[in-house]
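The structure file work26.cif is reproduced below (mmCIF, C-alpha atoms and all ligand atoms).
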data_model
loop_
_atom_site.label_atom_id
_atom_site.label_comp_id
_atom_site.auth_asym_id
_atom_site.auth_seq_id
_atom_site.Cartn_x
_atom_site.Cartn_y
_atom_site.Cartn_z
CA MET A 292 150.70 75.50 68.02
CA THR A 293 147.34 74.16 69.15
CA ILE A 294 144.73 76.05 71.08
CA GLN A 295 144.62 74.74 74.66
CA TYR A 296 142.99 75.70 77.93
CA LEU A 297 139.46 75.81 76.56
CA PRO A 298 137.00 76.55 79.37
CA PRO A 299 135.87 73.18 80.76
CA LYS A 300 132.19 74.16 80.33
CA LYS A 301 130.09 76.21 77.92
CA ILE A 302 130.01 79.75 79.28
CA SER A 303 127.17 82.06 78.23
CA SER A 304 126.64 85.80 78.74
CA PHE A 305 126.32 86.83 82.39
CA TYR A 306 123.08 88.37 83.60
CA PRO A 307 123.19 89.32 87.29
CA PRO A 308 119.99 89.02 89.33
CA GLN A 309 118.24 92.24 90.28
CA ARG A 310 119.10 92.84 93.95
CA THR A 311 118.11 95.50 96.42
CA LEU A 312 121.47 96.69 97.71
CA MET A 313 121.39 97.74 101.35
CA GLY A 314 124.85 96.70 102.43
CA PRO A 315 127.95 98.84 103.03
CA GLY A 316 128.39 99.36 99.28
CA PRO A 317 128.14 99.13 96.39
CA SER A 318 124.80 100.88 96.34
CA GLU A 319 122.24 100.63 93.56
CA ILE A 320 122.99 102.58 90.42
CA ALA A 321 120.48 105.06 89.02
CA PRO A 322 119.15 104.08 85.55
CA ARG A 323 120.51 107.31 84.04
CA VAL A 324 123.99 106.42 85.31
CA LEU A 325 123.80 102.90 83.87
CA ALA A 326 122.61 104.34 80.56
CA ALA A 327 125.54 106.79 80.50
CA MET A 328 127.95 103.91 81.07
CA SER A 329 126.68 102.08 77.98
CA LEU A 330 127.30 104.96 75.56
CA PRO A 331 129.91 104.35 72.84
CA CYS A 332 133.51 104.66 73.93
CA ILE A 333 135.56 107.60 72.64
CA GLY A 334 139.25 108.41 72.97
CA TYR A 335 140.65 109.72 76.25
CA LEU A 336 142.15 112.73 74.44
CA ASP A 337 139.12 113.37 72.23
CA PRO A 338 138.34 117.09 72.63
CA VAL A 339 134.74 116.23 73.56
CA PHE A 340 136.00 113.93 76.30
CA VAL A 341 138.47 116.53 77.53
CA ASP A 342 135.60 119.03 77.89
CA MET A 343 133.67 116.43 79.88
CA MET A 344 136.72 115.95 82.15
CA ASP A 345 136.61 119.66 82.96
CA GLU A 346 132.93 119.35 83.87
CA LEU A 347 133.71 116.34 86.03
CA LYS A 348 136.25 118.39 87.96
CA MET A 349 133.72 121.20 88.46
CA LEU A 350 131.06 118.77 89.64
CA LEU A 351 133.48 117.08 92.04
CA ARG A 352 134.45 120.46 93.47
CA TYR A 353 130.77 120.98 94.16
CA ALA A 354 130.41 117.54 95.80
CA PHE A 355 133.50 118.12 97.97
CA GLN A 356 132.69 121.83 98.47
CA THR A 357 136.15 122.95 97.46
CA ASP A 358 137.90 125.26 95.10
CA ASN A 359 140.96 122.98 94.91
CA ALA A 360 142.31 122.92 91.35
CA LEU A 361 143.62 119.40 91.95
CA THR A 362 140.26 117.67 92.26
CA PHE A 363 139.64 114.71 89.97
CA PRO A 364 138.53 111.06 89.89
CA ALA A 365 141.51 108.74 90.32
CA SER A 366 141.31 105.58 88.21
CA GLY A 367 140.67 102.78 90.67
CA PRO A 368 138.56 102.04 93.73
CA GLY A 369 138.61 103.96 97.01
CA SER A 370 141.76 102.07 97.99
CA VAL A 371 143.60 103.79 95.13
CA GLY A 372 142.50 107.19 96.42
CA MET A 373 143.74 106.20 99.87
CA GLU A 374 147.07 104.96 98.57
CA MET A 375 147.50 108.01 96.30
CA CYS A 376 147.41 110.24 99.39
CA PHE A 377 149.97 108.22 101.33
CA VAL A 378 152.47 107.51 98.54
CA ASN A 379 152.60 111.19 97.65
CA MET A 380 152.63 112.68 101.13
CA VAL A 381 154.65 110.20 103.21
CA ASN A 382 158.37 109.68 102.71
CA PRO A 383 160.56 107.14 104.49
CA GLY A 384 161.08 108.26 108.09
CA ASP A 385 158.03 110.56 108.23
CA LYS A 386 155.90 110.35 111.34
CA VAL A 387 152.18 109.94 110.72
CA ILE A 388 149.44 109.87 113.35
CA VAL A 389 146.63 107.53 112.32
CA CYS A 390 143.40 107.60 114.30
CA ARG A 391 141.86 104.13 114.22
CA ASN A 392 138.27 103.40 115.24
CA GLY A 393 137.47 100.70 112.67
CA VAL A 394 138.73 98.65 109.74
CA PHE A 395 139.73 101.47 107.43
CA GLY A 396 141.95 103.29 109.93
CA GLY A 397 143.84 99.98 110.06
CA ARG A 398 144.41 100.15 106.31
CA MET A 399 145.83 103.65 106.70
CA ILE A 400 148.40 102.29 109.17
CA GLU A 401 149.39 99.64 106.59
CA ASN A 402 149.85 102.38 104.02
CA VAL A 403 152.12 104.43 106.29
CA THR A 404 154.29 101.40 107.04
CA ARG A 405 154.56 100.44 103.37
CA CYS A 406 155.68 103.99 102.53
CA GLY A 407 158.48 103.64 105.09
CA GLY A 408 156.79 106.07 107.48
CA THR A 409 156.46 105.67 111.23
CA PRO A 410 152.84 105.31 112.32
CA VAL A 411 151.71 106.60 115.70
CA VAL A 412 148.32 105.04 116.35
CA VAL A 413 145.55 106.78 118.29
CA GLU A 414 143.08 104.04 119.19
CA ASP A 415 139.38 104.46 119.83
CA THR A 416 136.74 101.84 120.46
CA TRP A 417 135.00 100.57 117.34
CA GLY A 418 131.60 102.26 117.20
CA GLU A 419 132.87 105.46 118.86
CA PRO A 420 134.19 108.57 117.10
CA VAL A 421 137.84 109.58 117.13
CA ASP A 422 138.50 111.38 120.43
CA PRO A 423 139.93 114.87 119.65
CA GLN A 424 141.65 114.99 123.06
CA LYS A 425 143.57 111.78 122.33
CA LEU A 426 144.72 113.25 119.01
CA GLU A 427 145.87 116.42 120.74
CA ASP A 428 147.76 114.39 123.39
CA ALA A 429 149.46 112.36 120.65
CA LEU A 430 150.49 115.54 118.82
CA LYS A 431 151.93 117.01 122.03
CA GLN A 432 154.00 113.88 122.51
CA ASN A 433 154.99 113.79 118.82
CA PRO A 434 155.62 117.39 117.75
CA ASP A 435 157.52 116.16 114.66
CA THR A 436 154.34 114.64 113.17
CA LYS A 437 154.04 115.39 109.46
CA VAL A 438 150.58 114.06 108.72
CA VAL A 439 147.41 113.19 110.65
CA ALA A 440 145.09 110.68 108.97
CA PHE A 441 141.61 109.57 109.95
CA VAL A 442 138.38 108.17 108.53
CA HIS A 443 135.50 110.64 108.56
CA ALA A 444 132.74 108.05 108.06
CA GLU A 445 133.82 104.61 109.34
CA THR A 446 131.90 102.14 107.18
CA SER A 447 132.77 99.21 109.42
CA THR A 448 130.85 100.72 112.36
CA GLY A 449 128.54 103.45 111.00
CA CYS A 450 130.23 106.12 113.12
CA MET A 451 131.07 109.68 112.04
CA SER A 452 133.99 111.60 113.55
CA ASP A 453 134.24 115.37 113.85
CA ALA A 454 136.45 116.09 110.83
CA LYS A 455 136.44 119.86 111.30
CA THR A 456 137.78 119.66 114.87
CA LEU A 457 140.36 116.97 114.08
CA VAL A 458 141.75 118.97 111.14
CA GLU A 459 141.87 122.13 113.23
CA ILE A 460 143.89 120.32 115.95
CA ALA A 461 146.29 118.79 113.40
CA HIS A 462 146.96 122.20 111.83
CA ARG A 463 147.61 123.80 115.23
CA TYR A 464 150.55 121.37 115.54
CA GLY A 465 151.74 121.98 111.97
CA ALA A 466 150.61 118.62 110.53
CA LEU A 467 148.89 118.04 107.20
CA THR A 468 145.69 115.99 107.06
CA ILE A 469 144.49 112.99 105.04
CA VAL A 470 140.75 112.34 105.35
CA ASP A 471 138.86 109.24 104.18
CA ALA A 472 135.44 110.29 102.88
CA VAL A 473 134.60 107.10 100.98
CA THR A 474 131.24 106.70 102.71
CA GLN A 475 130.72 110.38 103.55
CA LEU A 476 130.71 112.04 100.12
CA GLY A 477 127.17 112.81 98.94
CA GLY A 478 125.56 111.25 102.04
CA SER A 479 126.32 113.63 104.92
CA PRO A 480 127.71 117.16 105.28
CA LEU A 481 131.28 117.65 104.11
CA TYR A 482 132.98 121.01 103.53
CA VAL A 483 136.55 120.47 102.36
CA ASP A 484 137.53 124.15 102.13
CA GLU A 485 135.65 125.41 105.18
CA TRP A 486 137.21 122.63 107.28
CA ASP A 487 140.60 123.20 105.61
CA ILE A 488 141.18 119.52 104.76
CA ASP A 489 144.49 119.04 102.89
CA ALA A 490 143.96 115.70 101.16
CA ILE A 491 140.73 113.77 100.80
CA TYR A 492 139.57 110.72 98.87
CA SER A 493 136.26 108.98 98.29
CA GLY A 494 134.70 106.18 96.23
CA SER A 495 132.19 106.18 93.39
CA GLN A 496 130.15 103.23 94.65
CA LYS A 497 128.63 104.53 97.88
CA CYS A 498 126.54 107.72 98.20
CA LEU A 499 127.36 108.83 94.66
CA SER A 500 125.68 105.64 93.40
CA CYS A 501 128.01 105.26 90.46
CA THR A 502 129.65 102.10 89.19
CA PRO A 503 132.48 100.94 91.48
CA GLY A 504 136.08 101.57 90.47
CA LEU A 505 136.64 105.33 90.65
CA SER A 506 138.01 107.38 93.50
CA PRO A 507 137.30 111.11 93.61
CA VAL A 508 140.23 112.91 95.26
CA SER A 509 141.04 116.49 96.14
CA TYR A 510 144.30 118.11 97.25
CA ASN A 511 144.91 121.67 98.37
CA GLN A 512 147.88 123.89 97.52
CA ARG A 513 149.86 122.71 100.58
CA VAL A 514 149.83 119.16 99.19
CA VAL A 515 150.68 120.34 95.67
CA ASP A 516 153.67 122.27 97.10
CA LEU A 517 154.76 119.20 99.08
CA VAL A 518 154.65 117.03 95.96
CA LYS A 519 156.60 119.62 93.94
CA GLN A 520 159.28 119.78 96.66
CA ARG A 521 159.90 116.02 96.76
CA ARG A 522 163.57 115.25 96.20
CA THR A 523 162.93 111.61 95.27
CA PRO A 524 160.02 110.47 93.10
CA SER A 525 157.06 108.76 94.72
CA GLN A 526 157.50 104.98 95.05
CA SER A 527 154.41 104.50 92.87
CA TRP A 528 154.55 105.39 89.19
CA PHE A 529 150.80 104.98 88.63
CA MET A 530 149.77 107.13 91.58
CA ASP A 531 152.51 109.78 91.34
CA LEU A 532 150.49 113.01 91.47
CA ASP A 533 153.17 114.86 89.55
CA LEU A 534 152.67 112.51 86.58
CA VAL A 535 148.88 112.16 86.89
CA LEU A 536 148.71 115.97 86.76
CA GLY A 537 149.89 115.82 83.14
CA TYR A 538 146.54 114.23 82.26
CA TRP A 539 144.10 115.61 84.83
CA GLY A 540 145.77 118.85 85.81
CA SER A 541 146.95 120.75 82.79
CA THR A 542 145.05 122.23 79.88
CA ASN A 543 147.53 120.63 77.48
CA ARG A 544 146.68 117.02 78.35
CA THR A 545 149.08 114.18 77.65
CA TYR A 546 148.78 110.41 77.97
CA HIS A 547 149.44 108.97 81.40
CA HIS A 548 147.25 105.84 81.47
CA THR A 549 144.11 104.87 79.56
CA ALA A 550 141.30 106.47 81.50
CA PRO A 551 138.26 104.30 82.36
CA ILE A 552 136.23 106.23 79.78
CA ASN A 553 132.78 104.69 80.25
CA GLY A 554 133.15 104.69 84.02
CA LEU A 555 133.83 108.42 83.80
CA PHE A 556 130.68 108.90 81.68
CA ALA A 557 128.82 107.21 84.53
CA LEU A 558 130.46 109.34 87.22
CA HIS A 559 129.65 112.48 85.25
CA GLU A 560 125.98 111.46 85.15
CA SER A 561 125.86 110.56 88.84
CA LEU A 562 127.30 113.98 89.69
CA VAL A 563 124.82 115.70 87.36
CA LEU A 564 122.09 113.90 89.32
CA LEU A 565 123.63 115.13 92.59
CA ARG A 566 123.77 118.68 91.25
CA GLU A 567 120.13 118.47 90.09
CA GLU A 568 119.00 117.20 93.49
CA GLY A 569 121.23 119.61 95.39
CA LEU A 570 123.82 118.55 97.99
CA GLU A 571 121.76 119.61 100.98
CA ASN A 572 118.68 117.84 99.65
CA ALA A 573 120.72 114.67 99.11
CA TRP A 574 122.01 114.84 102.71
CA ALA A 575 118.44 115.43 103.95
CA ARG A 576 117.15 112.45 101.92
CA HIS A 577 119.71 110.15 103.57
CA THR A 578 118.62 111.39 107.00
CA ARG A 579 114.90 111.03 106.21
CA HIS A 580 115.24 107.38 105.17
CA TYR A 581 117.54 106.63 108.09
CA LEU A 582 114.86 107.93 110.48
CA ALA A 583 112.23 105.70 108.87
CA LEU A 584 114.52 102.66 108.96
CA LYS A 585 115.50 103.36 112.57
CA ALA A 586 111.85 103.62 113.66
CA GLY A 587 111.12 100.21 112.12
CA LEU A 588 114.26 98.49 113.40
CA GLU A 589 113.73 99.80 116.92
CA ALA A 590 110.07 98.72 116.81
CA MET A 591 111.44 95.19 116.23
CA GLY A 592 113.53 95.57 119.38
CA LEU A 593 116.86 96.03 117.58
CA THR A 594 119.46 98.43 118.99
CA TYR A 595 122.12 100.56 117.29
CA LEU A 596 125.85 100.13 117.91
CA VAL A 597 126.60 103.86 117.67
CA LYS A 598 125.20 106.64 119.88
CA GLU A 599 122.59 108.70 118.04
CA GLU A 600 124.69 111.88 117.76
CA TYR A 601 127.57 110.12 115.97
CA ARG A 602 125.49 107.93 113.65
CA LEU A 603 125.89 107.92 109.90
CA PRO A 604 122.46 107.97 108.25
CA GLN A 605 123.93 106.11 105.30
CA LEU A 606 125.31 103.20 107.37
CA ASN A 607 123.18 101.69 110.12
CA ALA A 608 125.05 99.23 112.36
CA VAL A 609 122.60 97.26 114.46
CA ARG A 610 123.31 94.58 117.08
CA VAL A 611 122.30 91.00 116.20
CA PRO A 612 119.79 89.81 118.83
CA GLU A 613 120.92 87.07 121.23
CA GLY A 614 120.50 83.56 119.83
CA VAL A 615 120.00 84.64 116.19
CA ASP A 616 122.20 83.08 113.49
CA GLU A 617 123.19 86.33 111.76
CA ALA A 618 124.72 84.69 108.66
CA LYS A 619 121.56 82.61 108.13
CA VAL A 620 119.41 85.75 108.28
CA ARG A 621 121.55 87.50 105.66
CA LYS A 622 121.47 84.39 103.47
CA THR A 623 117.68 84.17 103.67
CA LEU A 624 117.26 87.87 102.92
CA LEU A 625 119.37 87.41 99.80
CA SER A 626 117.86 84.17 98.54
CA GLU A 627 114.20 84.87 99.35
CA PHE A 628 113.98 88.65 99.10
CA ASN A 629 116.90 89.53 96.79
CA LEU A 630 118.01 91.90 99.55
CA GLU A 631 121.67 92.36 100.40
CA ILE A 632 122.70 93.67 103.82
CA GLY A 633 126.20 93.67 105.33
CA ALA A 634 127.88 91.66 108.09
CA GLY A 635 130.15 92.95 110.84
CA LEU A 636 133.89 93.07 110.25
CA GLY A 637 136.86 92.27 112.54
CA PRO A 638 135.86 92.29 116.22
CA LEU A 639 132.25 93.06 115.20
CA ALA A 640 131.92 89.97 112.96
CA GLY A 641 128.85 87.99 114.01
CA LYS A 642 127.76 90.79 116.35
CA ILE A 643 126.21 93.38 114.02
CA TRP A 644 124.39 93.79 110.75
CA ARG A 645 125.10 96.80 108.55
CA PHE A 646 122.19 98.34 106.67
CA GLY A 647 123.31 100.77 104.00
CA LEU A 648 121.13 103.61 102.77
CA MET A 649 123.48 105.07 100.22
CA GLY A 650 122.75 107.22 97.19
CA TYR A 651 120.12 105.68 94.93
CA SER A 652 119.53 102.97 97.56
CA ALA A 653 118.31 105.63 100.03
CA LYS A 654 114.62 105.46 99.12
CA SER A 655 111.37 104.44 100.80
CA GLU A 656 110.84 101.26 98.74
CA ASN A 657 114.10 99.92 100.13
CA VAL A 658 113.26 100.86 103.71
CA MET A 659 109.85 99.19 103.43
CA LEU A 660 111.24 96.02 101.81
CA CYS A 661 114.00 95.77 104.38
CA LEU A 662 111.68 96.13 107.37
CA SER A 663 109.07 93.70 106.09
CA ALA A 664 111.65 91.13 104.94
CA LEU A 665 113.68 91.31 108.15
CA GLY A 666 110.50 91.23 110.24
CA SER A 667 109.33 88.05 108.55
CA VAL A 668 112.75 86.35 108.78
CA LEU A 669 113.15 87.18 112.48
CA MET A 670 109.59 86.05 113.40
N1 LIG A 701 137.61 103.54 103.13
C1 LIG A 701 136.35 103.29 103.55
C2 LIG A 701 135.80 104.06 104.71
C3 LIG A 701 135.58 102.32 102.92
O1 LIG A 701 134.33 102.08 103.34
C4 LIG A 701 136.12 101.60 101.83
C5 LIG A 701 135.33 100.56 101.17
O2 LIG A 701 134.31 100.12 101.61
C6 LIG A 701 137.42 101.90 101.41
C7 LIG A 701 138.13 102.88 102.09
C8 LIG A 701 138.04 101.18 100.27
O3 LIG A 701 137.32 101.43 99.09
P1 LIG A 701 137.32 100.40 97.87
O4 LIG A 701 136.69 99.12 98.38
O5 LIG A 701 136.50 101.08 96.83
O6 LIG A 701 138.72 100.19 97.47
#

Any chance you could put this one into structure tokens?
Ligand code: PLP
Amino acid sequence: MTIQYLPPKKISSFYPPQRTLMGPGPSEIAPRVLAAMSLPCIGYLDPVFVDMMDELKMLLRYAFQTDNALTFPASGPGSVGMEMCFVNMVNPGDKVIVCRNGVFGGRMIENVTRCGGTPVVVEDTWGEPVDPQKLEDALKQNPDTKVVAFVHAETSTGCMSDAKTLVEIAHRYGALTIVDAVTQLGGSPLYVDEWDIDAIYSGSQKCLSCTPGLSPVSYNQRVVDLVKQRRTPSQSWFMDLDLVLGYWGSTNRTYHHTAPINGLFALHESLVLLREEGLENAWARHTRHYLALKAGLEAMGLTYLVKEEYRLPQLNAVRVPEGVDEAKVRKTLLSEFNLEIGAGLGPLAGKIWRFGLMGYSAKSENVMLCLSALGSVLM
């Protein structure tokens, strides 16, 4: 046998440029988190690692503000956390109300359909929060609804919905709740237990400022009971909570899949940083830098997509001024200032820019660079 398929060019080590990340994620990673990631790998059942897993669970309970035993980082990006909720909680024929006010609500609908469930969609305008009255009307018309799903912090628009009220309505009609907190966690207030959220997932790469590829999740006892009562196994082997529990849930851990060890070192460090700063201080820091960015953007004549009271400090969606080539502006910011900002998605493509202030990226240097760079490009 001869060796074939040699790369057609000499390929050297890859060194990414140093960018200022102010898009919708990933955010910049704190040096301590990067350093933790580069520590030597150890086994996923090494007793030292197992102790660290317990600490990770404690730190995630703090971040989510929950006592849920089943709180852990799922291996995979936010989409895995999303899918883990649906494949475990939705069986063929189940009715699920999905509130859609942006891109990620649309993905939830896809998940329901792929699980064989029947989605009932409550639509709201992109850039506006989910309307609690519309959810209540939908529940009245569909009293057999098993689950209500919605996105707390819609990254595609920068709009926050009232999770507490939506969960309270869902429970009044006997439905369980799935909440997307990918952009919320660590950036704005979130109280999983106080708001009685049943299932929630997030991502490591936004306000936690960790490396991408991990999805913190948390499930309350109602979800655990539901999973235990299933008569047929979940359609997904990898995301079957019953099986994953053998590794993350019990004290007597057994192999399920090879955990992303170094990524978990990094998540542990990013959560230690969050604990050191304090949740409320982290939320306040996001708000402080949002206010500074807003003052500068508005001084340039730019306007926000979302009404002030529903705005996410960590995701600023701003209208592109008439006659400006929005893609060219983003390209210039990247090539001349090493600054990444985000474009609009779906119906908002070409109409908005998205400025992220997430986690380690939420700092004054970034606000100042962004305002001066954008000011000079728009002049
Ligand atoms: N949900 C929301 C609100 C998001 O913003 C994202 C990603 O940006 C996801 C889900 C999917 O996460 P990931 O890209 O990590 O799979």

May I have a table of the residues of chain A lying at most 7 Å from ligand LIG 701 (chain A), giving each one's closest pair of atoms and their distance in Å to one decimal, counting all atoms listed in the file, ordered by chain and ascending residue number, as a Markdown table?
| residue | atom | partner | partner_atom | distance |
| --- | --- | --- | --- | --- |
| A:Pro315 | CA | A:LIG701 | O2 | 6.6 |
| A:Gly316 | CA | A:LIG701 | O2 | 6.4 |
| A:Pro368 | CA | A:LIG701 | O5 | 3.8 |
| A:Gly369 | CA | A:LIG701 | O3 | 3.5 |
| A:Ser370 | CA | A:LIG701 | O6 | 3.6 |
| A:Val371 | CA | A:LIG701 | O6 | 6.5 |
| A:Met373 | CA | A:LIG701 | C7 | 6.9 |
| A:Phe395 | CA | A:LIG701 | N1 | 5.2 |
| A:Val442 | CA | A:LIG701 | C2 | 6.2 |
| A:Ala444 | CA | A:LIG701 | C2 | 6.0 |
| A:Glu445 | CA | A:LIG701 | C2 | 5.1 |
| A:Thr446 | CA | A:LIG701 | O1 | 4.5 |
| A:Ser447 | CA | A:LIG701 | O1 | 6.9 |
| A:Asp471 | CA | A:LIG701 | N1 | 5.9 |
| A:Ala472 | CA | A:LIG701 | C2 | 6.5 |
| A:Val473 | CA | A:LIG701 | C1 | 4.9 |
| A:Thr474 | CA | A:LIG701 | O1 | 5.6 |
| A:Gly494 | CA | A:LIG701 | O5 | 5.4 |
| A:Pro503 | CA | A:LIG701 | O5 | 6.7 |
| A:Gly504 | CA | A:LIG701 | O5 | 6.4 |

Exercise for the section: List the neighbours of Thr311 in chain A out to 12 Å using all atoms listed in the file; skip same-chain residues closer than 2 positions along the sequence, and give me the result as a PyMOL selection string. Expected result: chain A and resi 308-309+313-314+316-320+624-632+646-649+651-654+656-661+664

Exercise for the section: Record the distance separating CA of Met375 in chain A and CA of Asp531 in chain A, expressed in Å with one decimal. Expected result: 7.3 Å

Practice task
Within 9 Å of range 598-613 of chain A, counting only C-alpha atoms, which residues show up once you throw out same-chain ones fewer than 2 positions away? Write them as a count of residues only, please.
Solution key: 51

Exercise for the section: Compare A:Gly477, A:Gly407, A:Gly633, A:Pro299 by their minimum atom-to-atom distance to Gly569 in chain A, counting all atoms listed in the file, and give me the closest one. Expected result: A:Gly477

Practice task
List the residues sitting within 9 Å of (136.1, 101.9, 82.5) in the file's frame, using all atoms listed in the file, as a ChimeraX atom specification.
Solution key: /A:328,366,504-505,550-556

Exercise for the section: Determine the nearest neighbour of His547 in chain A from the options A:Ala365, A:Cys332, A:Gly397, A:Lys455, counting all atoms listed in the file. Expected result: A:Ala365

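If you count all atoms listed in the file and draw a sphere of 9 Å around (138.8, 114.3, 110.6), the protein and nucleic acid residues inside it come out as Cys390, Val421, Val439, Ala440, Phe441, Val442, His443, Ser452, Asp453, Ala454, Lys455, Thr456, Leu457, Val458, Glu459, Thr468, Ile469, Val470, Asp471 and Ile488 of chain A.
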
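Taking CA of Ala557 in chain A and CA of Thr502 in chain A as endpoints, the distance between them is 7.0 Å.
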